[in-house]
file start36.csv (CSV, C-alpha atoms)
chain,number,residue,atom,x,y,z
R,1,MET,CA,0.0,0.0,0.0
R,2,THR,CA,1.4,3.4,-1.0
R,3,THR,CA,1.6,6.3,1.4
R,4,GLU,CA,-1.0,8.1,-0.7
R,5,ASN,CA,-3.5,5.2,-0.3
R,6,THR,CA,-3.0,5.1,3.4
R,7,LYS,CA,-3.7,8.8,3.6
R,8,THR,CA,-6.9,8.5,1.7
R,9,ILE,CA,-8.1,5.7,3.9
R,10,GLU,CA,-7.2,7.7,7.0
R,11,ASN,CA,-9.1,10.7,5.7
R,12,ASP,CA,-12.2,8.6,5.0
R,13,GLU,CA,-12.0,7.0,8.4
R,14,PHE,CA,-11.7,10.4,9.9
R,15,GLU,CA,-14.8,11.6,8.0
R,16,LEU,CA,-16.7,8.6,9.1
R,17,LYS,CA,-15.7,9.0,12.7
R,18,ALA,CA,-17.5,12.3,12.7
R,19,THR,CA,-20.6,10.2,12.9
R,20,CYS,CA,-21.4,7.8,15.7
R,21,ILE,CA,-20.0,4.5,14.6
R,22,ASN,CA,-19.3,0.8,14.8
R,23,ASN,CA,-15.8,0.4,16.4
R,24,SER,CA,-15.9,-3.4,16.3
R,25,GLU,CA,-13.5,-5.1,13.9
R,26,ILE,CA,-15.3,-8.4,14.1
R,27,LYS,CA,-17.3,-9.4,11.1
R,28,LYS,CA,-20.6,-11.0,12.0
R,29,PRO,CA,-23.6,-12.3,10.0
R,30,TRP,CA,-26.4,-9.8,9.6
R,31,THR,CA,-28.5,-11.7,12.1
R,32,ALA,CA,-26.2,-10.4,14.8
R,33,ASN,CA,-27.8,-7.1,14.2
R,34,LEU,CA,-31.1,-8.3,15.6
R,35,VAL,CA,-29.9,-7.6,19.1
R,36,TYR,CA,-29.7,-3.9,18.1
R,37,ALA,CA,-33.2,-4.0,16.7
R,38,PHE,CA,-34.3,-5.4,20.1
R,39,MET,CA,-32.4,-2.6,22.0
R,40,GLY,CA,-33.9,0.0,19.6
R,41,MET,CA,-37.3,-1.4,20.4
R,42,LEU,CA,-36.8,-1.0,24.2
R,43,PHE,CA,-35.5,2.4,23.5
R,44,GLY,CA,-38.5,3.3,21.4
R,45,ILE,CA,-40.9,2.1,24.1
R,46,VAL,CA,-39.1,4.4,26.6
R,47,PHE,CA,-39.3,7.3,24.1
R,48,VAL,CA,-43.0,7.0,23.7
R,49,LYS,CA,-44.0,6.1,27.3
R,50,ALA,CA,-42.0,8.9,28.8
R,51,GLU,CA,-43.5,11.2,26.1
R,52,ILE,CA,-40.1,12.3,24.9
R,53,VAL,CA,-41.5,12.1,21.4
R,54,SER,CA,-44.2,14.6,22.2
R,55,TRP,CA,-44.1,17.9,20.5
R,56,PHE,CA,-45.7,19.4,23.6
R,57,ARG,CA,-42.9,18.2,25.9
R,58,ILE,CA,-40.4,19.9,23.7
R,59,GLN,CA,-42.4,23.1,23.8
R,60,GLU,CA,-42.6,22.9,27.6
R,61,MET,CA,-38.9,22.4,27.8
R,62,PHE,CA,-38.0,25.5,25.6
R,63,ARG,CA,-40.6,27.5,27.5
R,64,PHE,CA,-39.2,26.4,30.9
R,65,GLU,CA,-42.6,25.2,31.9
R,66,SER,CA,-41.8,21.7,32.8
R,67,PHE,CA,-38.8,19.9,34.3
R,68,HIS,CA,-39.5,16.6,32.5
R,69,MET,CA,-37.2,16.9,29.5
R,70,TYR,CA,-34.4,18.4,31.6
R,71,GLY,CA,-34.8,15.6,34.0
R,72,VAL,CA,-34.7,12.9,31.3
R,73,ILE,CA,-31.6,14.4,29.5
R,74,GLY,CA,-29.8,15.3,32.7
R,75,THR,CA,-30.3,11.8,34.2
R,76,ALA,CA,-29.3,10.1,31.0
R,77,VAL,CA,-26.1,12.2,30.8
R,78,VAL,CA,-25.2,11.4,34.4
R,79,VAL,CA,-25.8,7.7,34.0
R,80,GLY,CA,-23.9,7.7,30.7
R,81,MET,CA,-21.0,9.6,32.3
R,82,ILE,CA,-20.7,7.2,35.2
R,83,SER,CA,-20.9,4.2,32.8
R,84,VAL,CA,-18.2,5.5,30.5
R,85,PHE,CA,-16.0,6.4,33.5
R,86,ILE,CA,-16.3,2.8,34.8
R,87,ILE,CA,-15.7,1.3,31.3
R,88,LYS,CA,-12.5,3.4,31.0
R,89,LYS,CA,-11.3,2.9,34.5
R,90,TYR,CA,-11.6,-0.8,34.5
R,91,LYS,CA,-10.8,-1.1,30.8
R,92,LEU,CA,-13.9,-3.2,30.3
R,93,LYS,CA,-14.0,-5.4,27.2
R,94,THR,CA,-17.0,-6.1,24.9
R,95,LEU,CA,-18.9,-9.4,25.0
R,96,ASP,CA,-16.6,-10.5,22.1
R,97,GLY,CA,-13.5,-9.6,24.2
R,98,GLU,CA,-12.6,-6.5,22.2
R,99,GLN,CA,-11.3,-3.4,23.9
R,100,VAL,CA,-14.0,-0.7,24.1
R,101,VAL,CA,-13.1,2.1,21.7
R,102,LEU,CA,-14.4,5.6,22.3
R,103,THR,CA,-14.0,8.0,19.4
R,104,PRO,CA,-13.3,11.6,20.3
R,105,LYS,CA,-15.7,14.2,18.7
R,106,THR,CA,-14.0,16.7,16.5
R,107,TYR,CA,-14.7,20.4,16.6
R,108,ASN,CA,-15.3,22.6,13.6
R,109,LYS,CA,-17.5,25.6,12.9
R,110,GLY,CA,-20.2,23.2,11.8
R,111,VAL,CA,-20.8,22.2,15.4
R,112,ILE,CA,-22.1,25.7,16.0
R,113,ILE,CA,-23.8,26.5,12.7
R,114,GLY,CA,-25.3,23.0,12.3
R,115,GLY,CA,-26.1,22.9,16.0
R,116,LEU,CA,-28.2,26.1,15.7
R,117,ILE,CA,-29.9,24.9,12.5
R,118,PHE,CA,-30.8,21.6,14.2
R,119,GLY,CA,-32.0,23.5,17.3
R,120,LEU,CA,-34.3,25.7,15.2
R,121,GLY,CA,-35.7,22.6,13.5
R,122,TRP,CA,-36.0,20.7,16.8
R,123,ALA,CA,-38.4,23.3,18.2
R,124,ILE,CA,-40.5,23.3,15.0
R,125,THR,CA,-40.9,19.6,14.6
R,126,GLY,CA,-40.7,18.8,18.3
R,127,ALA,CA,-38.5,15.9,17.4
R,128,CYS,CA,-34.8,15.0,17.0
R,129,PRO,CA,-34.0,12.1,14.6
R,130,GLY,CA,-34.8,9.3,17.2
R,131,PRO,CA,-38.3,10.4,18.1
R,132,LEU,CA,-39.2,10.7,14.4
R,133,PHE,CA,-38.9,6.9,14.1
R,134,ALA,CA,-41.0,6.4,17.3
R,135,GLN,CA,-43.6,8.9,16.1
R,136,ILE,CA,-44.1,7.0,12.8
R,137,GLY,CA,-44.4,3.8,14.8
R,138,SER,CA,-47.0,5.5,17.1
R,139,GLY,CA,-49.3,5.9,14.1
R,140,TYR,CA,-48.5,9.4,13.0
R,141,THR,CA,-47.9,8.3,9.5
R,142,VAL,CA,-47.5,11.8,8.1
R,143,ILE,CA,-44.2,12.0,10.0
R,144,ILE,CA,-42.8,9.8,7.2
R,145,VAL,CA,-42.8,13.0,5.2
R,146,THR,CA,-40.7,14.8,8.0
R,147,PHE,CA,-38.4,11.8,8.1
R,148,LEU,CA,-37.9,11.8,4.3
R,149,SER,CA,-37.3,15.5,4.5
R,150,ALA,CA,-34.6,14.9,7.1
R,151,VAL,CA,-33.0,12.3,4.9
R,152,THR,CA,-33.0,15.0,2.1
R,153,GLY,CA,-31.4,17.5,4.5
R,154,THR,CA,-28.6,15.0,5.3
R,155,TRP,CA,-28.1,14.4,1.5
R,156,VAL,CA,-28.0,18.1,0.7
R,157,TYR,CA,-25.4,18.6,3.5
R,158,GLY,CA,-23.3,15.8,1.9
R,159,TYR,CA,-23.7,17.4,-1.5
R,160,PHE,CA,-22.6,20.8,-0.4
R,161,GLN,CA,-20.2,19.7,2.3
R,162,ASP,CA,-17.0,21.1,0.6
R,163,LYS,CA,-18.6,24.5,0.1
R,164,LEU,CA,-19.9,25.0,3.6
R,165,PRO,CA,-17.8,26.7,6.3
R,166,HIS,CA,-16.2,24.2,8.7
N,1,MET,CA,-48.1,-4.1,36.6
N,2,LEU,CA,-49.5,-3.7,33.0
N,3,GLU,CA,-51.7,-0.8,34.3
N,4,LEU,CA,-48.6,0.9,35.7
N,5,LEU,CA,-46.7,0.5,32.5
N,6,LYS,CA,-49.5,2.1,30.6
N,7,GLN,CA,-49.2,5.3,32.6
N,8,PRO,CA,-46.7,7.9,31.4
N,9,TRP,CA,-43.3,7.0,32.7
N,10,PRO,CA,-41.5,9.5,35.0
N,11,TRP,CA,-38.4,11.3,33.9
N,12,TYR,CA,-36.0,9.4,36.2
N,13,VAL,CA,-37.0,6.0,34.8
N,14,ALA,CA,-36.6,7.2,31.2
N,15,GLY,CA,-33.4,9.1,32.0
N,16,VAL,CA,-31.7,6.0,33.6
N,17,LEU,CA,-32.9,3.7,30.8
N,18,ILE,CA,-31.7,6.0,28.1
N,19,GLY,CA,-28.4,6.6,29.9
N,20,LEU,CA,-27.8,2.8,30.2
N,21,THR,CA,-28.1,2.5,26.4
N,22,VAL,CA,-24.6,4.1,26.2
N,23,PRO,CA,-22.8,1.3,28.1
N,24,ALA,CA,-25.1,-1.4,26.7
N,25,LEU,CA,-24.2,-0.6,23.1
N,26,LEU,CA,-20.5,-0.2,23.9
N,27,LEU,CA,-20.3,-3.5,25.8
N,28,ILE,CA,-22.4,-5.6,23.4
N,29,GLY,CA,-20.6,-4.7,20.3
N,30,ASN,CA,-18.4,-1.6,20.6
N,31,LYS,CA,-21.0,0.7,19.1
N,32,SER,CA,-21.2,4.4,20.0
N,33,PHE,CA,-24.7,5.6,20.6
N,34,GLY,CA,-26.0,7.9,18.0
N,35,ILE,CA,-29.1,8.1,15.9
N,36,SER,CA,-28.8,10.8,13.3
N,37,SER,CA,-26.1,8.9,11.5
N,38,SER,CA,-28.8,6.5,10.4
N,39,LEU,CA,-30.0,9.2,8.1
N,40,ARG,CA,-26.5,9.3,6.5
N,41,HIS,CA,-26.4,5.5,6.1
N,42,ILE,CA,-29.8,5.7,4.4
N,43,CYS,CA,-28.4,8.2,1.9
N,44,ALA,CA,-25.2,6.1,1.5
N,45,ALA,CA,-27.3,3.0,0.8
N,46,CYS,CA,-30.0,4.5,-1.4
N,47,ILE,CA,-28.8,7.6,-3.1
N,48,PRO,CA,-25.0,7.9,-2.8
N,49,ALA,CA,-24.8,9.7,-6.2
N,50,ASN,CA,-21.0,9.5,-6.2
N,51,ILE,CA,-20.8,12.0,-3.3
N,52,LYS,CA,-17.7,11.6,-1.2
N,53,PHE,CA,-19.6,12.0,2.0
N,54,PHE,CA,-21.7,8.9,1.2
N,55,LYS,CA,-18.9,6.7,-0.1
N,56,TYR,CA,-18.1,4.4,2.7
N,57,ASP,CA,-19.0,0.9,3.8
N,58,TRP,CA,-22.5,1.6,5.2
N,59,LYS,CA,-23.1,-2.1,5.6
N,60,LYS,CA,-20.6,-2.1,8.5
N,61,GLU,CA,-22.9,0.5,10.1
N,62,SER,CA,-26.1,-1.4,9.4
N,63,TRP,CA,-26.5,-2.1,13.1
N,64,ASN,CA,-27.6,1.5,13.3
N,65,LEU,CA,-30.4,1.0,10.8
N,66,PHE,CA,-31.6,-2.1,12.8
N,67,PHE,CA,-31.6,0.1,15.9
N,68,VAL,CA,-33.8,2.8,14.4
N,69,GLY,CA,-36.1,0.1,12.9
N,70,GLY,CA,-36.4,-1.2,16.4
N,71,VAL,CA,-37.3,2.3,17.7
N,72,ALA,CA,-40.2,2.4,15.2
N,73,ILE,CA,-41.4,-1.0,16.4
N,74,GLY,CA,-41.0,0.2,20.0
N,75,GLY,CA,-43.3,3.1,19.0
N,76,VAL,CA,-45.9,0.7,17.8
N,77,ILE,CA,-45.8,-1.4,21.1
N,78,ALA,CA,-45.8,1.7,23.3
N,79,SER,CA,-48.8,3.3,21.5
N,80,PHE,CA,-50.9,0.3,20.6
N,81,VAL,CA,-50.2,-2.2,23.4
N,82,LEU,CA,-49.1,0.0,26.3
N,83,THR,CA,-51.6,2.6,25.3
N,84,ASN,CA,-52.0,5.5,27.8
N,85,PRO,CA,-55.7,5.5,28.6
N,86,ASN,CA,-55.7,9.2,29.5
N,87,PRO,CA,-55.1,12.3,27.4
N,88,MET,CA,-51.7,14.1,27.6
N,89,VAL,CA,-51.1,16.3,30.6
N,90,ILE,CA,-49.6,19.5,29.4
N,91,ALA,CA,-48.3,22.4,31.5
N,92,GLU,CA,-51.0,25.1,31.8
N,93,GLY,CA,-48.7,27.9,30.7
N,94,THR,CA,-47.7,26.1,27.6
N,95,LYS,CA,-51.3,25.1,26.8
N,96,GLU,CA,-52.5,28.7,27.1
N,97,ALA,CA,-49.7,30.1,25.0
N,98,LEU,CA,-50.2,27.6,22.3
N,99,ALA,CA,-54.0,27.9,22.3
N,100,ALA,CA,-53.5,31.6,21.8
N,101,HIS,CA,-51.6,30.8,18.6
N,102,ASN,CA,-54.1,28.5,17.0
N,103,VAL,CA,-53.2,25.1,18.4
N,104,LYS,CA,-56.4,23.2,19.1
N,105,ASP,CA,-55.5,19.6,19.8
N,106,PHE,CA,-54.0,18.9,23.2
N,107,GLU,CA,-55.1,15.3,23.5
N,108,HIS,CA,-52.3,13.5,21.6
N,109,LEU,CA,-48.5,13.3,21.6
N,110,LEU,CA,-48.5,15.8,18.6
N,111,PRO,CA,-51.1,18.5,17.9
N,112,THR,CA,-52.9,16.7,15.0
N,113,ASP,CA,-54.2,20.1,13.7
N,114,ILE,CA,-50.6,20.8,12.7
N,115,PHE,CA,-49.2,17.4,12.0
N,116,SER,CA,-51.6,15.6,9.7
N,117,TRP,CA,-51.9,14.6,6.0
N,118,ASN,CA,-54.7,17.2,5.7
N,119,SER,CA,-52.5,20.0,6.8
N,120,LEU,CA,-49.4,18.9,4.9
N,121,LEU,CA,-50.1,21.2,2.0
N,122,THR,CA,-51.1,24.2,4.0
N,123,LEU,CA,-48.2,26.7,4.5
N,124,ARG,CA,-48.1,26.0,8.3
N,125,GLY,CA,-48.1,22.2,7.8
N,126,PHE,CA,-45.4,22.4,5.1
N,127,ILE,CA,-43.1,24.5,7.4
N,128,PHE,CA,-43.7,22.3,10.5
N,129,MET,CA,-43.3,19.0,8.7
N,130,VAL,CA,-41.2,19.5,5.6
N,131,VAL,CA,-39.0,22.5,6.3
N,132,GLY,CA,-38.6,21.5,10.0
N,133,GLY,CA,-37.6,18.0,9.0
N,134,PHE,CA,-35.0,19.3,6.5
N,135,MET,CA,-33.4,21.5,9.2
N,136,VAL,CA,-33.2,18.5,11.5
N,137,GLY,CA,-31.5,16.3,8.9
N,138,PHE,CA,-29.2,19.1,7.6
N,139,GLY,CA,-28.3,20.6,11.0
N,140,THR,CA,-27.5,17.3,12.7
N,141,ARG,CA,-25.2,16.2,10.0
N,142,TYR,CA,-23.5,19.6,9.8
N,143,ALA,CA,-23.0,19.5,13.6
N,144,GLY,CA,-21.8,15.9,13.5
N,145,GLY,CA,-24.5,14.5,15.7
N,146,CYS,CA,-27.9,15.0,17.4
N,147,THR,CA,-29.2,14.9,20.9
N,148,SER,CA,-28.2,11.2,21.2
N,149,GLY,CA,-24.7,11.4,19.6
N,150,HIS,CA,-23.7,14.8,21.0
N,151,ALA,CA,-25.8,15.5,24.1
N,152,ILE,CA,-25.9,12.0,25.5
N,153,MET,CA,-22.9,10.0,24.1
N,154,GLY,CA,-20.6,13.0,23.6
N,155,LEU,CA,-21.2,14.5,27.0
N,156,SER,CA,-20.9,11.0,28.6
N,157,ASN,CA,-17.5,10.9,27.2
N,158,LEU,CA,-16.7,14.4,28.3
N,159,GLN,CA,-16.3,15.8,24.8
N,160,LEU,CA,-16.0,19.6,24.5
N,161,PRO,CA,-17.3,19.8,20.9
N,162,SER,CA,-20.4,17.9,22.2
N,163,LEU,CA,-20.9,20.5,25.0
N,164,ILE,CA,-20.7,23.3,22.4
N,165,ALA,CA,-23.1,21.4,20.1
N,166,THR,CA,-25.6,20.8,22.9
N,167,CYS,CA,-25.5,24.5,23.9
N,168,CYS,CA,-26.2,25.4,20.2
N,169,PHE,CA,-29.1,22.9,20.0
N,170,MET,CA,-30.7,24.6,23.0
N,171,ALA,CA,-29.9,28.1,21.7
N,172,GLY,CA,-31.6,27.3,18.4
N,173,GLY,CA,-34.6,25.9,20.2
N,174,PHE,CA,-35.0,29.0,22.4
N,175,ILE,CA,-34.7,31.3,19.4
N,176,MET,CA,-37.3,29.4,17.5
N,177,THR,CA,-39.7,28.9,20.5
N,178,TRP,CA,-39.6,32.5,21.7
N,179,LEU,CA,-39.0,34.6,18.6
N,180,ILE,CA,-40.2,32.7,15.5
N,181,LEU,CA,-42.7,30.0,16.5
N,182,PRO,CA,-45.5,32.5,17.6
N,183,PHE,CA,-45.4,33.9,14.0
N,184,LEU,CA,-45.2,30.4,12.3
N,185,LEU,CA,-48.1,29.0,14.4
N,186,ASN,CA,-50.4,31.8,13.3
N,187,LEU,CA,-49.8,31.2,9.6
call {"tool": "encode", "arguments": {"input": "start36.csv", "output": "structure tokens"}}
result
Amino acid sequence: MTTENTKTIENDEFELKATCINNSEIKKPWTANLVYAFMGMLFGIVFVKAEIVSWFRIQEMFRFESFHMYGVIGTAVVVGMISVFIIKKYKLKTLDGEQVVLTPKTYNKGVIIGGLIFGLGWAITGACPGPLFAQIGSGYTVIIVTFLSAVTGTWVYGYFQDKLPH
Amino acid sequence: MLELLKQPWPWYVAGVLIGLTVPALLLIGNKSFGISSSLRHICAACIPANIKFFKYDWKKESWNLFFVGGVAIGGVIASFVLTNPNPMVIAEGTKEALAAHNVKDFEHLLPTDIFSWNSLLTLRGFIFMVVGGFMVGFGTRYAGGCTSGHAIMGLSNLQLPSLIATCCFMAGGFIMTWLILPFLLNL
């Protein structure tokens, strides 16, 4: 492999690491993914039963008229922080015996500009990407349109990525 | 027990369960929690159009698509099996403010007078569903993550970019809610 090739691969990997990803090197048959479908299902149940997918809960949050969403996100972050701390401290391994890999998030101007754009959209739709899926499952079929529009937004970002300030 | 599960779940139950998703995904298969990347994988799988951003091995990330598929199934179970027998309880202040801006349905998770097939082609419906969705998809990818990838996974791992992103998500939300939404709701 030439140096140039290595560089391209590194660049691509860097690009991909900007999204949340699979850090396992083990190749498994597709059926191994069913466990993630199951986890997603539990997650979706929590989303709907705690009304995190509700447009009203998001309005209440941004209007400071309910503690609910702050409680949910705050508790989740604290539990996540403690978990990651324990995983790092005891160098815990995955069920397959791999070392757990945590990819650092990279900073660029997009974090601010994109973050603001997402925030504006979040307050309009009352949903981040996760709740969109749960809302569709809850029978609000029209949210399929919102979802397809979000996919289009992602695609348009990819198309113009090089021209946008980062 | 079933009756209890049908009631809306309190924030501390939901918060703990969502927080535990982070170590569960890491320990089961070395996966970092994040949902908005599924939108990118869908682009990469369906309409890559030779764009560099979509040229990668999306199949390696297909676990993420299974996860979001599961979220939709979870939505079906929560809404149709564990159905909440009561209408939504919404803070009085929010209810009054929204009612003053032409929101009429306070019974469901979403106000169906805004989010429905019938209102999709009205200006208000188009902005709330189509324009809003576009901003969510465009903004999350531009920022490199959403509430799950940045606010939960990123903050759990003490990442400064994620803290900045989370502040910007909230700032955008406040600007929309306080300055722009009153106007959009009246369209």
call {"tool": "closest_residue", "arguments": {"input": "start36.csv", "among": "R:Leu132, R:Leu116, R:Leu164, R:Ile45", "to": "N:Leu110", "atoms": "all atoms listed in the file"}}
result
R:Leu132
call {"tool": "closest_atom_pairs", "arguments": {"input": "start36.csv", "of": "stretch 12-53 of chain N", "to": "stretch 145-167 of chain N", "cutoff": "9 Å", "atoms": "only C-alpha atoms", "output": "JSON lines"}}
result
{"residue": "N:Ile18", "atom": "CA", "partner": "N:Ile152", "partner_atom": "CA", "distance": 8.7}
{"residue": "N:Gly19", "atom": "CA", "partner": "N:Ile152", "partner_atom": "CA", "distance": 7.4}
{"residue": "N:Val22", "atom": "CA", "partner": "N:Met153", "partner_atom": "CA", "distance": 6.5}
{"residue": "N:Ser32", "atom": "CA", "partner": "N:Met153", "partner_atom": "CA", "distance": 7.1}
{"residue": "N:Phe33", "atom": "CA", "partner": "N:Gly149", "partner_atom": "CA", "distance": 5.9}
{"residue": "N:Gly34", "atom": "CA", "partner": "N:Gly149", "partner_atom": "CA", "distance": 4.1}
{"residue": "N:Ile35", "atom": "CA", "partner": "N:Ser148", "partner_atom": "CA", "distance": 6.2}
{"residue": "N:Ser36", "atom": "CA", "partner": "N:Cys146", "partner_atom": "CA", "distance": 5.9}
{"residue": "N:Ser37", "atom": "CA", "partner": "N:Gly145", "partner_atom": "CA", "distance": 7.2}
call {"tool": "atom_distance", "arguments": {"input": "start36.csv", "atom1": "atom CA of R:Glu51", "atom2": "atom CA of R:Tyr36"}}
result
22.0 Å
call {"tool": "closest_residue", "arguments": {"input": "start36.csv", "among": "N:Ile180, N:Leu5, N:Leu17, N:Ile42", "to": "R:Gly80", "atoms": "all atoms listed in the file"}}
result
N:Leu17
call {"tool": "closest_residue", "arguments": {"input": "start36.csv", "among": "R:Ser54, R:Thr152, R:Gln99, R:Ser83", "to": "R:Pro131", "atoms": "all atoms listed in the file"}}
result
R:Ser54
call {"tool": "closest_residue", "arguments": {"input": "start36.csv", "among": "R:Glu98, R:Ile52, R:Ala150, R:Ile143", "to": "chain N", "atoms": "all atoms listed in the file"}}
result
R:Ala150
call {"tool": "atom_distance", "arguments": {"input": "start36.csv", "atom1": "atom CA of N:Ala171", "atom2": "atom CA of R:Thr75"}}
result
20.5 Å
call {"tool": "closest_residue", "arguments": {"input": "start36.csv", "among": "N:Phe138, N:Phe115, N:Phe54, N:Tyr12", "to": "R:Phe67", "atoms": "all atoms listed in the file"}}
result
N:Tyr12
call {"tool": "closest_residue", "arguments": {"input": "start36.csv", "among": "N:Ala72, N:Ile127, N:Lys52, N:Ala44", "to": "chain R", "atoms": "all atoms listed in the file"}}
result
N:Ala72
call {"tool": "residues_around", "arguments": {"input": "start36.csv", "residues": "R:Glu65", "least_positions_apart": "4", "cutoff": "8 Å", "atoms": "all atoms listed in the file", "output": "CSV table (one decimal) with C-alpha atoms, keeping the file's coordinate frame"}}
result
chain,number,residue,atom,x,y,z
R,60,GLU,CA,-42.6,22.9,27.6
R,61,MET,CA,-38.9,22.4,27.8
N,91,ALA,CA,-48.3,22.4,31.5
N,93,GLY,CA,-48.7,27.9,30.7
N,94,THR,CA,-47.7,26.1,27.6
call {"tool": "atom_distance", "arguments": {"input": "start36.csv", "atom1": "atom CA of R:Gly130", "atom2": "atom CA of N:Ile77"}}
result
15.8 Å
call {"tool": "residues_around", "arguments": {"input": "start36.csv", "residues": "stretch 27-33 of chain R", "least_positions_apart": "2", "cutoff": "7 Å", "atoms": "all atoms listed in the file", "output": "list in words"}}
result
Glu25, Val35, Tyr36 and Ala37 of chain R; Trp63 and Phe66 of chain N
call {"tool": "residues_near_point", "arguments": {"input": "start36.csv", "point": "(-42.5, 26.8, 11.0)", "cutoff": "8 Å", "atoms": "all atoms listed in the file", "output": "list in words"}}
result
Ile124 of chain R; Arg124, Gly125, Phe126, Ile127, Phe128, Val131, Gly132, Ile180, Leu181, Leu184 and Leu185 of chain N
call {"tool": "residues_near_point", "arguments": {"input": "start36.csv", "point": "(-22.1, 19.5, 1.1)", "cutoff": "12 Å", "atoms": "all atoms listed in the file", "output": "list of chain:residue names"}}
result
R:Gly110, R:Thr152, R:Gly153, R:Thr154, R:Trp155, R:Val156, R:Tyr157, R:Gly158, R:Tyr159, R:Phe160, R:Gln161, R:Asp162, R:Lys163, R:Leu164, R:Pro165, R:His166, N:Ile51, N:Lys52, N:Phe53, N:Phe54, N:Phe138, N:Gly139, N:Arg141, N:Tyr142
call {"tool": "residues_around", "arguments": {"input": "start36.csv", "residues": "N:Asn84", "least_positions_apart": "2", "cutoff": "7 Å", "atoms": "all atoms listed in the file", "output": "mmCIF file with C-alpha atoms, in the coordinates of the input"}}
result
data_model
loop_
_atom_site.group_PDB
_atom_site.id
_atom_site.type_symbol
_atom_site.label_atom_id
_atom_site.label_comp_id
_atom_site.auth_asym_id
_atom_site.auth_seq_id
_atom_site.Cartn_x
_atom_site.Cartn_y
_atom_site.Cartn_z
ATOM 1 C CA LYS N 6 -49.500 2.100 30.600
ATOM 2 C CA GLN N 7 -49.200 5.300 32.600
ATOM 3 C CA PRO N 8 -46.700 7.900 31.400
ATOM 4 C CA LEU N 82 -49.100 0.000 26.300
ATOM 5 C CA ASN N 86 -55.700 9.200 29.500
#
call {"tool": "residues_around", "arguments": {"input": "start36.csv", "residues": "R:Tyr70", "least_positions_apart": "4", "cutoff": "10 Å", "atoms": "all atoms listed in the file", "output": "number ranges by chain"}}
result
R: 61-62, 64, 66, 74-76; N: 11, 15
call {"tool": "write_last_selection", "arguments": {"input": "start36.csv", "atoms": "C-alpha atoms", "output": "short mmCIF file (atom, residue, chain, number, x, y, z; two decimals), keeping the file's coordinate frame"}}
result
data_model
loop_
_atom_site.label_atom_id
_atom_site.label_comp_id
_atom_site.auth_asym_id
_atom_site.auth_seq_id
_atom_site.Cartn_x
_atom_site.Cartn_y
_atom_site.Cartn_z
CA MET R 61 -38.90 22.40 27.80
CA PHE R 62 -38.00 25.50 25.60
CA PHE R 64 -39.20 26.40 30.90
CA SER R 66 -41.80 21.70 32.80
CA GLY R 74 -29.80 15.30 32.70
CA THR R 75 -30.30 11.80 34.20
CA ALA R 76 -29.30 10.10 31.00
CA TRP N 11 -38.40 11.30 33.90
CA GLY N 15 -33.40 9.10 32.00
#
call {"tool": "residues_around", "arguments": {"input": "start36.csv", "residues": "N:Leu187", "least_positions_apart": "4", "cutoff": "9 Å", "atoms": "only C-alpha atoms", "output": "list of chain:residue names"}}
result
N:Asn102, N:Leu123, N:Arg124, N:Phe183
